[in-house]
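Below is one structure; the comments refer to it alone.
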Amino acid sequence: MALDERTTLLNDRPENPRARYVLYWMQMFKRTTHNHALNVAIQMANQRNLPLVVYEGLKYYYPWANDRLHTFILEGVPEKQREFARRGIRYVFYLQRHGRDPRHTVARLARDAALVVTDDFPCFIIPEHNCRIAVRARIPVYAVDANGLIPLSAFTKEEFAARTIRPKIQRLLPRYLAPVPTERIKRKAPALAVDCPETRVTLERIPALVRQCAIDHSVPPSPLCHGGSVAGRKRLQYFTENILPQYDDLRNNPAVDGTSRLSAYLHFGFLSAHEIVEAVHAAGAPPSAKAAYLEELIVRRELSYNFTRFNPRYNSLAALPAWVQATMAKHAADPRPELIGAERIEAAETYDELWNATQRELLVTGELHNYLRMLWGKKVIEWQATYEEAFRLLEHLNNKYALDGRNPNSYAGILWCFGKHDRAWGPERPIFGTLRYMSSTSMARKFNAKRYIAWTRSFA
């Protein structure tokens, strides 16, 4: 098949003429519908009259691995087991619990595959995974971009800000709004024998499976958010019916449930941007509310993915523009009136009660309200001795506790606190220079901060 603009051939290897199947290595797009990568794999299998094997693995040693992230991922496995079996596709899930468990499972599966299709995700550990399998595999490896509405390849460079990418998105968007069909496999083989260990996952077994893993057990599962496409669609329906009609008024009020809270489902691929856009367009909400939400889902999100695709320094302050570098250099030696240790910050034990509340929300629920995320990052800049220490602490806290961490939005959001995708502001201030400044006092006047603080205290 001719490669489309979402598909990239990662190596130059011949297909296996004795192949028993096509292999789809599902890394980030953990869904059975609205999935360009899965569709490409099915098409390639159909063209070769082969069955399809979908492999999803979960290792114990990925950065920040903990009970919260493991549980959220595992909660989506049983529904995929049922759905792929119904469709005649062989689904293999394997949980590598510790160093004594078998490794190199993708390479083992690739021996009997004609080719490999996998997910094209522009940050965290996925680019490294894809480079490694492309080198090791003796067959073609294709990476497919199912991240957003517009393919990452539609842009040729990093965009400076939302105002520069927005008109380009508006021009391109009509080409990519069509529904994503669900392809059907011709050669059905849901019980095909494969050379790979498997893990049986049921919702009841998940706590025991997680306890067996050599991961960080100090971060418990979220009591509010559960993984899987079913849970994601339930939240999507609640959002479009009950919150979206008032989104303009509710989204910047952390004291109420007024945002979509879909970012974790997008990050782990349980939902696609296409499916959410379809639901928003079908909802009975005012056009202004829909437009406000779609600005976040499409323009801001696509900007973040563009950033991590084209800027190899996305996980450092080196990704910041020249005006930020200049103002930080000028104010690097400014005294910090109150330095707070990383452990106290992580434990939400600062003198700032509104900030503590935002951190408590993150610690317990795995979520952080978008409006307060700005304050959350800005205050840490004041409390650490250097900008670099502040960035590394924010990255650690976000990636350890947030269900939607380790994502392009995470890195763009954290670096926004340091001026990324923003502009210079006056008057010039100590520590911040011309970076946008925020205070808890001014933030608390914009919503019912006492109610929000009380809500986070109820977690104890």
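In the structure tokens, each chain is lettered A, B, ... as it comes, each chain's residues begin at 1, and ligands are numbered from 1 in order of appearance.
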Exercise for the section: Write out as an MDAnalysis selection string the residues lying within 7 Å of range 172-180 of chain A, counting only C-alpha atoms and excluding same-chain residues fewer than 3 positions away. Expected result: chainID A and resid 34 149:150 168:169 274
Exercise for the section: Excluding Val210 in chain A and residues on its chain fewer than 2 positions from it, collect all residues at most 8 Å away from it, counting only C-alpha atoms, and give them as a PyMOL selection string. Expected result: chain A and resi 67+70-71+206-208+212-213
List as a Markdown table every residue of range 118-188 of chain A that is in contact with range 37-58 of chain A, defined as an atom at most 6 Å from one of its atoms (using only C-alpha atoms), together with the nearest atom pair and the distance in Å rounded to one decimal, sorted by chain and then rising number.
```
| residue | atom | partner | partner_atom | distance |
| --- | --- | --- | --- | --- |
| A:Val144 | CA | A:Ala37 | CA | 5.0 |
| A:Glu183 | CA | A:Asn39 | CA | 5.6 |
| A:Ile185 | CA | A:Ile42 | CA | 5.8 |
| A:Lys186 | CA | A:Asn46 | CA | 5.9 |
| A:Arg187 | CA | A:Pro51 | CA | 4.8 |
| A:Lys188 | CA | A:Pro51 | CA | 5.9 |
```
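Residues in contact with Ala347 in chain A at up to 12 Å, not including ones fewer than 6 positions away on its chain and judged by only C-alpha atoms, are A:Ile340, A:Gly341, A:Trp355, A:Asn356, A:Ala357, A:Thr358, A:Gln359, A:Arg360, A:Glu361, A:Leu362, A:Leu363, A:Val364, A:Leu397, A:Tyr401.
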Exercise for the section: List every residue of range 36-122 of chain A that DSSP, applied to the backbone of this structure, places in strand (DSSP E or B), and write the result as a VMD selection string. Expected result: chain A and resid 52 to 58 66 90 to 95 113 to 119
Problem - Residue nearest Cys196 in chain A - candidates A:Tyr91, A:Tyr371, A:Phe121, A:Phe268, atoms counted: only C-alpha atoms - result: A:Tyr91
Exercise for the section: Name all residues at most 8 Å from range 125-129 of chain A (count only C-alpha atoms; drop same-chain ones fewer than 5 positions away) and give them as a ChimeraX atom specification. Expected result: /A:27,62,120
Handout entry: Who sits within 12 Å of range 309-314 of chain A, only C-alpha atoms, same chain under 4 positions skipped, as number ranges by chain
Key = A: 120-124, 126-127, 145, 147, 151-160, 302-305, 318-321, 391, 395, 406-416, 420
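All residues of protein, DNA or RNA that reach within 8 Å of Ile431 in chain A, judged by only C-alpha atoms and not counting those fewer than 4 positions away in the chain, are Met328, His331, Ala332, Asp334, Pro335, Arg336 and Glu382 of chain A.
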